[in-house]
$ cat data_3.txt   # compact mmCIF, N, CA and C atoms
# COMPACT_ATOMS: atom_id res chain seq x y z
N MET A 1 7.56 25.00 -18.24
CA MET A 1 7.14 23.67 -18.65
C MET A 1 5.86 23.27 -17.93
N SER A 2 5.98 22.83 -16.69
CA SER A 2 4.76 22.44 -15.98
C SER A 2 4.47 23.50 -14.92
N GLN A 3 3.20 23.73 -14.71
CA GLN A 3 2.81 24.74 -13.75
C GLN A 3 2.72 24.13 -12.37
N LYS A 4 2.83 24.96 -11.36
CA LYS A 4 2.75 24.49 -9.98
C LYS A 4 1.30 24.11 -9.66
N PRO A 5 1.09 22.92 -9.09
CA PRO A 5 -0.28 22.49 -8.81
C PRO A 5 -0.92 23.34 -7.71
N LYS A 6 -2.23 23.39 -7.74
CA LYS A 6 -2.98 24.13 -6.73
C LYS A 6 -2.82 23.46 -5.37
N GLU A 7 -2.95 24.28 -4.33
CA GLU A 7 -2.80 23.78 -2.96
C GLU A 7 -3.83 22.69 -2.66
N GLY A 8 -5.05 22.86 -3.12
CA GLY A 8 -6.10 21.87 -2.87
C GLY A 8 -5.79 20.53 -3.49
N SER A 9 -5.22 20.52 -4.69
CA SER A 9 -4.90 19.24 -5.32
C SER A 9 -3.74 18.55 -4.60
N ARG A 10 -2.80 19.35 -4.09
CA ARG A 10 -1.70 18.74 -3.33
C ARG A 10 -2.22 18.12 -2.04
N LEU A 11 -3.17 18.79 -1.38
CA LEU A 11 -3.73 18.26 -0.15
C LEU A 11 -4.57 17.01 -0.41
N LEU A 12 -5.34 17.01 -1.49
CA LEU A 12 -6.11 15.80 -1.84
C LEU A 12 -5.17 14.65 -2.20
N ALA A 13 -4.06 14.96 -2.88
CA ALA A 13 -3.09 13.92 -3.22
C ALA A 13 -2.46 13.36 -1.95
N ALA A 14 -2.14 14.22 -0.98
CA ALA A 14 -1.56 13.76 0.28
C ALA A 14 -2.58 13.00 1.12
N LEU A 15 -3.84 13.39 1.03
CA LEU A 15 -4.90 12.73 1.78
C LEU A 15 -5.01 11.25 1.39
N ALA A 16 -4.65 10.94 0.17
CA ALA A 16 -4.69 9.54 -0.29
C ALA A 16 -3.75 8.67 0.53
N TYR A 17 -2.69 9.25 1.05
CA TYR A 17 -1.74 8.49 1.87
C TYR A 17 -2.06 8.56 3.35
N VAL A 18 -2.67 9.67 3.78
CA VAL A 18 -2.99 9.83 5.19
C VAL A 18 -4.17 8.93 5.58
N LEU A 19 -5.18 8.88 4.74
CA LEU A 19 -6.33 7.98 4.92
C LEU A 19 -6.29 6.96 3.79
N PRO A 20 -5.56 5.87 3.94
CA PRO A 20 -5.22 5.02 2.80
C PRO A 20 -6.32 4.72 1.79
N LEU A 21 -7.31 3.95 2.10
CA LEU A 21 -8.30 3.60 1.09
C LEU A 21 -9.31 4.71 0.89
N LEU A 22 -9.83 5.25 1.98
CA LEU A 22 -10.83 6.30 1.89
C LEU A 22 -10.28 7.55 1.22
N GLY A 23 -9.06 7.95 1.57
CA GLY A 23 -8.46 9.13 0.97
C GLY A 23 -8.23 8.95 -0.52
N GLY A 24 -7.82 7.76 -0.92
CA GLY A 24 -7.63 7.49 -2.35
C GLY A 24 -8.93 7.56 -3.12
N LEU A 25 -9.97 6.98 -2.55
CA LEU A 25 -11.28 7.02 -3.21
C LEU A 25 -11.84 8.44 -3.26
N LEU A 26 -11.65 9.19 -2.18
CA LEU A 26 -12.10 10.58 -2.17
C LEU A 26 -11.34 11.41 -3.20
N GLY A 27 -10.04 11.19 -3.29
CA GLY A 27 -9.24 11.92 -4.27
C GLY A 27 -9.69 11.63 -5.69
N LEU A 28 -9.99 10.38 -5.97
CA LEU A 28 -10.46 10.02 -7.31
C LEU A 28 -11.84 10.60 -7.58
N ALA A 29 -12.69 10.65 -6.56
CA ALA A 29 -14.05 11.13 -6.76
C ALA A 29 -14.12 12.66 -6.84
N LEU A 30 -13.36 13.34 -5.99
CA LEU A 30 -13.49 14.80 -5.89
C LEU A 30 -12.66 15.57 -6.92
N ASP A 31 -11.50 15.05 -7.26
CA ASP A 31 -10.60 15.82 -8.14
C ASP A 31 -10.07 14.92 -9.25
N ARG A 32 -10.96 14.22 -9.91
CA ARG A 32 -10.58 13.22 -10.91
C ARG A 32 -9.83 13.83 -12.10
N GLY A 33 -10.11 15.06 -12.45
CA GLY A 33 -9.49 15.68 -13.61
C GLY A 33 -8.05 16.12 -13.38
N ASN A 34 -7.62 16.21 -12.14
CA ASN A 34 -6.27 16.67 -11.84
C ASN A 34 -5.29 15.50 -11.89
N PRO A 35 -4.25 15.57 -12.73
CA PRO A 35 -3.33 14.45 -12.86
C PRO A 35 -2.55 14.14 -11.58
N LEU A 36 -2.22 15.15 -10.79
CA LEU A 36 -1.47 14.93 -9.55
C LEU A 36 -2.32 14.13 -8.55
N THR A 37 -3.55 14.57 -8.35
CA THR A 37 -4.42 13.88 -7.41
C THR A 37 -4.74 12.48 -7.90
N ARG A 38 -5.01 12.35 -9.19
CA ARG A 38 -5.33 11.04 -9.76
C ARG A 38 -4.16 10.06 -9.60
N LEU A 39 -2.95 10.52 -9.88
CA LEU A 39 -1.77 9.66 -9.76
C LEU A 39 -1.59 9.17 -8.33
N HIS A 40 -1.60 10.10 -7.38
CA HIS A 40 -1.33 9.71 -5.99
C HIS A 40 -2.49 8.91 -5.39
N ALA A 41 -3.72 9.23 -5.75
CA ALA A 41 -4.86 8.47 -5.23
C ALA A 41 -4.83 7.04 -5.77
N ALA A 42 -4.62 6.91 -7.07
CA ALA A 42 -4.56 5.57 -7.66
C ALA A 42 -3.35 4.79 -7.15
N GLN A 43 -2.24 5.47 -6.96
CA GLN A 43 -1.05 4.80 -6.47
C GLN A 43 -1.22 4.34 -5.02
N SER A 44 -1.90 5.14 -4.21
CA SER A 44 -2.18 4.76 -2.84
C SER A 44 -3.03 3.48 -2.79
N ILE A 45 -4.06 3.45 -3.63
CA ILE A 45 -4.90 2.25 -3.70
C ILE A 45 -4.10 1.08 -4.26
N GLY A 46 -3.23 1.34 -5.24
CA GLY A 46 -2.38 0.28 -5.79
C GLY A 46 -1.43 -0.29 -4.76
N ALA A 47 -0.89 0.55 -3.89
CA ALA A 47 0.00 0.07 -2.83
C ALA A 47 -0.75 -0.83 -1.86
N LEU A 48 -1.98 -0.44 -1.51
CA LEU A 48 -2.79 -1.29 -0.64
C LEU A 48 -3.11 -2.63 -1.30
N LEU A 49 -3.44 -2.58 -2.58
CA LEU A 49 -3.72 -3.82 -3.30
C LEU A 49 -2.48 -4.71 -3.38
N THR A 50 -1.31 -4.10 -3.57
CA THR A 50 -0.07 -4.86 -3.62
C THR A 50 0.17 -5.59 -2.31
N LEU A 51 -0.01 -4.89 -1.20
CA LEU A 51 0.17 -5.52 0.10
C LEU A 51 -0.87 -6.61 0.34
N ALA A 52 -2.11 -6.34 -0.02
CA ALA A 52 -3.17 -7.33 0.17
C ALA A 52 -2.91 -8.58 -0.69
N LEU A 53 -2.49 -8.37 -1.94
CA LEU A 53 -2.19 -9.51 -2.80
C LEU A 53 -1.01 -10.32 -2.30
N SER A 54 -0.01 -9.66 -1.73
CA SER A 54 1.12 -10.41 -1.19
C SER A 54 0.70 -11.24 0.02
N LEU A 55 -0.21 -10.70 0.83
CA LEU A 55 -0.73 -11.47 1.97
C LEU A 55 -1.55 -12.67 1.51
N VAL A 56 -2.39 -12.48 0.51
CA VAL A 56 -3.21 -13.58 0.00
C VAL A 56 -2.32 -14.65 -0.64
N ALA A 57 -1.32 -14.22 -1.41
CA ALA A 57 -0.41 -15.18 -2.04
C ALA A 57 0.34 -15.98 -0.98
N TRP A 58 0.77 -15.30 0.08
CA TRP A 58 1.46 -16.03 1.15
C TRP A 58 0.51 -17.01 1.84
N ALA A 59 -0.73 -16.59 2.09
CA ALA A 59 -1.69 -17.47 2.76
C ALA A 59 -1.95 -18.73 1.94
N VAL A 60 -2.12 -18.57 0.64
CA VAL A 60 -2.37 -19.73 -0.23
C VAL A 60 -1.13 -20.62 -0.30
N ALA A 61 0.02 -20.02 -0.57
CA ALA A 61 1.26 -20.81 -0.66
C ALA A 61 1.59 -21.44 0.69
N GLY A 62 1.37 -20.69 1.77
CA GLY A 62 1.64 -21.24 3.10
C GLY A 62 0.74 -22.41 3.44
N PHE A 63 -0.53 -22.33 3.04
CA PHE A 63 -1.44 -23.43 3.30
C PHE A 63 -1.02 -24.68 2.53
N VAL A 64 -0.65 -24.49 1.27
CA VAL A 64 -0.23 -25.63 0.45
C VAL A 64 1.06 -26.23 1.00
N LEU A 65 2.02 -25.37 1.33
CA LEU A 65 3.29 -25.88 1.86
C LEU A 65 3.13 -26.53 3.23
N ALA A 66 2.19 -26.05 4.01
CA ALA A 66 1.99 -26.62 5.34
C ALA A 66 1.51 -28.07 5.28
N GLN A 67 1.00 -28.49 4.14
CA GLN A 67 0.53 -29.88 3.98
C GLN A 67 1.68 -30.86 3.82
N VAL A 68 2.86 -30.35 3.47
CA VAL A 68 4.04 -31.21 3.32
C VAL A 68 4.60 -31.50 4.71
N PRO A 69 4.76 -32.78 5.05
CA PRO A 69 5.22 -33.10 6.40
C PRO A 69 6.61 -32.54 6.69
N VAL A 70 6.85 -32.19 7.91
CA VAL A 70 8.09 -31.73 8.51
C VAL A 70 8.61 -30.41 7.93
N ILE A 71 9.01 -30.39 6.69
CA ILE A 71 9.66 -29.20 6.12
C ILE A 71 8.67 -28.17 5.60
N GLY A 72 7.47 -28.58 5.28
CA GLY A 72 6.46 -27.67 4.74
C GLY A 72 6.14 -26.49 5.66
N PRO A 73 5.83 -26.75 6.93
CA PRO A 73 5.54 -25.62 7.83
C PRO A 73 6.73 -24.66 7.99
N ILE A 74 7.94 -25.19 7.94
CA ILE A 74 9.12 -24.33 8.06
C ILE A 74 9.20 -23.38 6.87
N PHE A 75 8.99 -23.91 5.67
CA PHE A 75 8.99 -23.06 4.48
C PHE A 75 7.84 -22.06 4.51
N SER A 76 6.70 -22.52 4.99
CA SER A 76 5.53 -21.65 5.06
C SER A 76 5.80 -20.46 5.98
N ILE A 77 6.38 -20.70 7.11
CA ILE A 77 6.70 -19.62 8.04
C ILE A 77 7.81 -18.74 7.47
N SER A 78 8.76 -19.33 6.80
CA SER A 78 9.86 -18.56 6.20
C SER A 78 9.36 -17.63 5.11
N LEU A 79 8.36 -18.04 4.37
CA LEU A 79 7.81 -17.19 3.32
C LEU A 79 7.21 -15.90 3.87
N PHE A 80 6.80 -15.94 5.12
CA PHE A 80 6.20 -14.74 5.70
C PHE A 80 7.21 -13.60 5.78
N SER A 81 8.50 -13.93 5.81
CA SER A 81 9.52 -12.87 5.82
C SER A 81 9.44 -12.04 4.53
N LEU A 82 9.03 -12.66 3.42
CA LEU A 82 8.86 -11.91 2.18
C LEU A 82 7.69 -10.92 2.28
N VAL A 83 6.64 -11.33 2.98
CA VAL A 83 5.50 -10.43 3.19
C VAL A 83 5.93 -9.26 4.07
N ILE A 84 6.72 -9.53 5.08
CA ILE A 84 7.21 -8.47 5.95
C ILE A 84 8.11 -7.52 5.16
N ALA A 85 8.98 -8.06 4.32
CA ALA A 85 9.85 -7.22 3.48
C ALA A 85 9.01 -6.35 2.54
N MET A 86 7.96 -6.91 1.97
CA MET A 86 7.07 -6.14 1.10
C MET A 86 6.39 -5.02 1.88
N ALA A 87 5.96 -5.31 3.10
CA ALA A 87 5.30 -4.28 3.92
C ALA A 87 6.27 -3.16 4.27
N ILE A 88 7.50 -3.49 4.59
CA ILE A 88 8.51 -2.47 4.90
C ILE A 88 8.80 -1.63 3.67
N PHE A 89 8.97 -2.28 2.52
CA PHE A 89 9.23 -1.57 1.27
C PHE A 89 8.10 -0.60 0.95
N LEU A 90 6.86 -1.05 1.08
CA LEU A 90 5.73 -0.19 0.79
C LEU A 90 5.57 0.92 1.81
N ALA A 91 5.89 0.65 3.08
CA ALA A 91 5.79 1.68 4.11
C ALA A 91 6.78 2.81 3.85
N VAL A 92 8.00 2.46 3.48
CA VAL A 92 9.00 3.49 3.17
C VAL A 92 8.57 4.29 1.94
N ASN A 93 8.14 3.59 0.91
CA ASN A 93 7.68 4.27 -0.30
C ASN A 93 6.42 5.09 -0.04
N TRP A 94 5.59 4.65 0.88
CA TRP A 94 4.38 5.36 1.25
C TRP A 94 4.74 6.73 1.81
N ILE A 95 5.72 6.76 2.71
CA ILE A 95 6.16 8.01 3.33
C ILE A 95 6.80 8.93 2.29
N VAL A 96 7.64 8.36 1.43
CA VAL A 96 8.28 9.16 0.38
C VAL A 96 7.22 9.71 -0.58
N SER A 97 6.24 8.91 -0.93
CA SER A 97 5.19 9.36 -1.83
C SER A 97 4.33 10.44 -1.19
N LEU A 98 4.10 10.35 0.11
CA LEU A 98 3.37 11.40 0.82
C LEU A 98 4.15 12.71 0.72
N TRP A 99 5.45 12.64 0.88
CA TRP A 99 6.30 13.82 0.74
C TRP A 99 6.20 14.40 -0.67
N PHE A 100 6.25 13.54 -1.66
CA PHE A 100 6.14 14.01 -3.05
C PHE A 100 4.77 14.63 -3.32
N ALA A 101 3.73 14.05 -2.75
CA ALA A 101 2.38 14.59 -2.94
C ALA A 101 2.27 15.98 -2.32
N LEU A 102 2.84 16.15 -1.14
CA LEU A 102 2.79 17.46 -0.49
C LEU A 102 3.60 18.50 -1.27
N ARG A 103 4.65 18.06 -1.94
CA ARG A 103 5.46 18.98 -2.75
C ARG A 103 4.86 19.21 -4.13
N GLY A 104 3.86 18.42 -4.50
CA GLY A 104 3.22 18.57 -5.80
C GLY A 104 3.95 17.87 -6.93
N GLU A 105 4.76 16.86 -6.61
CA GLU A 105 5.52 16.13 -7.62
C GLU A 105 4.79 14.84 -8.01
N GLU A 106 4.88 14.50 -9.27
CA GLU A 106 4.25 13.27 -9.77
C GLU A 106 5.31 12.18 -9.89
N ARG A 107 5.62 11.54 -8.79
CA ARG A 107 6.58 10.43 -8.78
C ARG A 107 5.84 9.18 -8.35
N THR A 108 6.37 8.02 -8.74
CA THR A 108 5.64 6.78 -8.50
C THR A 108 6.43 5.79 -7.65
N ILE A 109 5.69 4.89 -7.00
CA ILE A 109 6.26 3.75 -6.28
C ILE A 109 6.44 2.64 -7.32
N PRO A 110 7.63 2.03 -7.42
CA PRO A 110 7.87 1.07 -8.50
C PRO A 110 6.84 -0.07 -8.61
N LEU A 111 6.65 -0.84 -7.57
CA LEU A 111 5.76 -2.00 -7.65
C LEU A 111 4.29 -1.60 -7.62
N ALA A 112 3.95 -0.65 -6.77
CA ALA A 112 2.56 -0.21 -6.68
C ALA A 112 2.10 0.46 -7.97
N ASN A 113 3.02 1.09 -8.67
CA ASN A 113 2.66 1.74 -9.93
C ASN A 113 2.24 0.70 -10.98
N ARG A 114 2.89 -0.45 -10.99
CA ARG A 114 2.49 -1.51 -11.93
C ARG A 114 1.09 -2.00 -11.63
N VAL A 115 0.78 -2.17 -10.33
CA VAL A 115 -0.57 -2.59 -9.95
C VAL A 115 -1.57 -1.50 -10.32
N LYS A 116 -1.20 -0.24 -10.07
CA LYS A 116 -2.08 0.88 -10.41
C LYS A 116 -2.36 0.90 -11.90
N LEU A 117 -1.34 0.68 -12.71
CA LEU A 117 -1.53 0.68 -14.16
C LEU A 117 -2.49 -0.43 -14.60
N ARG A 118 -2.35 -1.58 -13.99
CA ARG A 118 -3.24 -2.70 -14.36
C ARG A 118 -4.67 -2.45 -13.94
N VAL A 119 -4.86 -1.87 -12.74
CA VAL A 119 -6.21 -1.68 -12.22
C VAL A 119 -6.90 -0.47 -12.82
N PHE A 120 -6.18 0.65 -12.90
CA PHE A 120 -6.84 1.90 -13.29
C PHE A 120 -6.66 2.25 -14.76
N GLU A 121 -5.61 1.79 -15.39
CA GLU A 121 -5.38 2.16 -16.79
C GLU A 121 -5.88 1.11 -17.76
N ARG A 122 -6.24 -0.08 -17.26
CA ARG A 122 -6.79 -1.17 -18.07
C ARG A 122 -5.97 -1.42 -19.34
N GLY A 123 -5.03 -2.29 -19.20
CA GLY A 123 -4.23 -2.64 -20.37
C GLY A 123 -2.78 -2.32 -20.17
N GLY A 124 -2.36 -1.99 -18.91
CA GLY A 124 -0.95 -1.77 -18.67
C GLY A 124 -0.20 -3.08 -18.79
N ALA A 125 1.10 -2.99 -19.02
CA ALA A 125 1.92 -4.19 -19.23
C ALA A 125 1.94 -5.02 -18.04

$ encode --input "data_3.txt" --output "structure tokens"
Amino acid sequence: MSQKPKEGSRLLAALAYVLPLLGGLLGLALDRGNPLTRLHAAQSIGALLTLALSLVAWAVAGFVLAQVPVIGPIFSISLFSLVIAMAIFLAVNWIVSLWFALRGEERTIPLANRVKLRVFERGGA
């Protein structure tokens, strides 16, 4: 069915996770035609964007909530636990995806894959 990917493409796919943004961009630039490298490079960048967007969303929501007297700052600080949960979720998936990249498997991170589809595939759901 599917052939085993070349060693170089597996290493470029893994590099996307070892050097988060730079490795993803290098993978996309150097081995764009390879589906394994493209998937893992785009997914690595998507995971970073997911974490960055969750931080920005928390900062905006936290600022707005902090304006509410007494209870607002409490909710604002409590929302940060969601950002921490997102970071832990992505860190675990990051390690698992690195393992899949080294094995040459095309598996995806659930949330980061949606971001990747929107950013790189233009028109994902």

$ closest_residue --input "data_3.txt" --among "A:Ala14, A:Ala29, A:Leu21, A:Leu53" --to "A:Ile95" --atoms "only C-alpha atoms"
A:Ala14

$ closest_atom_pairs --input "data_3.txt" --of "stretch 53-122 of chain A" --to "stretch 42-48 of chain A" --cutoff "10 Å" --atoms "only C-alpha atoms" --output "CSV"
residue,atom,partner,partner_atom,distance
A:Leu53,CA,A:Leu48,CA,8.5
A:Ser54,CA,A:Leu48,CA,9.9
A:Ala87,CA,A:Ala47,CA,9.6
A:Leu90,CA,A:Ala47,CA,6.8
A:Ala91,CA,A:Ala47,CA,9.2
A:Asn93,CA,A:Ala47,CA,9.1
A:Trp94,CA,A:Ser44,CA,7.8
A:Ser97,CA,A:Ser44,CA,8.7
A:Leu98,CA,A:Ser44,CA,9.4
A:Arg107,CA,A:Gln43,CA,9.8
A:Thr108,CA,A:Gln43,CA,7.3
A:Ile109,CA,A:Gln43,CA,7.4
A:Pro110,CA,A:Ala47,CA,9.8
A:Leu111,CA,A:Ala47,CA,7.8
A:Ala112,CA,A:Ala47,CA,4.6
A:Asn113,CA,A:Gln43,CA,5.9
A:Arg114,CA,A:Gly46,CA,8.0
A:Val115,CA,A:Gly46,CA,5.4
A:Lys116,CA,A:Gly46,CA,4.7
A:Leu117,CA,A:Gly46,CA,8.4
A:Arg118,CA,A:Gly46,CA,9.1
A:Val119,CA,A:Gly46,CA,7.7
A:Phe120,CA,A:Ala42,CA,7.1
A:Glu121,CA,A:Ala42,CA,9.8

$ atom_distance --input "data_3.txt" --atom1 "atom C of A:Phe100" --atom2 "atom C of A:Gly33"
16.4 Å

$ closest_residue --input "data_3.txt" --among "A:Ile77, A:Ile71, A:Ala41, A:Leu30" --to "A:Leu15" --atoms "only C-alpha atoms"
A:Ala41

$ closest_residue --input "data_3.txt" --among "A:Val70, A:Leu82, A:Ile88, A:Leu39" --to "A:Glu106" --atoms "all atoms listed in the file"
A:Leu39

$ atom_distance --input "data_3.txt" --atom1 "atom N of A:Ala52" --atom2 "atom C of A:Met86"
8.8 Å

$ atom_distance --input "data_3.txt" --atom1 "atom CA of A:Leu49" --atom2 "atom CA of A:Gln67"
27.4 Å

$ closest_residue --input "data_3.txt" --among "A:Leu28, A:Ala61, A:Val92, A:Thr37" --to "A:Ser78" --atoms "only C-alpha atoms"
A:Ala61

$ residues_around --input "data_3.txt" --residues "A:His40" --least-positions-apart "5" --cutoff "7 Å" --atoms "all atoms listed in the file" --output "JSON, numbers by chain"
{"A": [13, 14, 16, 17, 24, 35, 45, 101]}
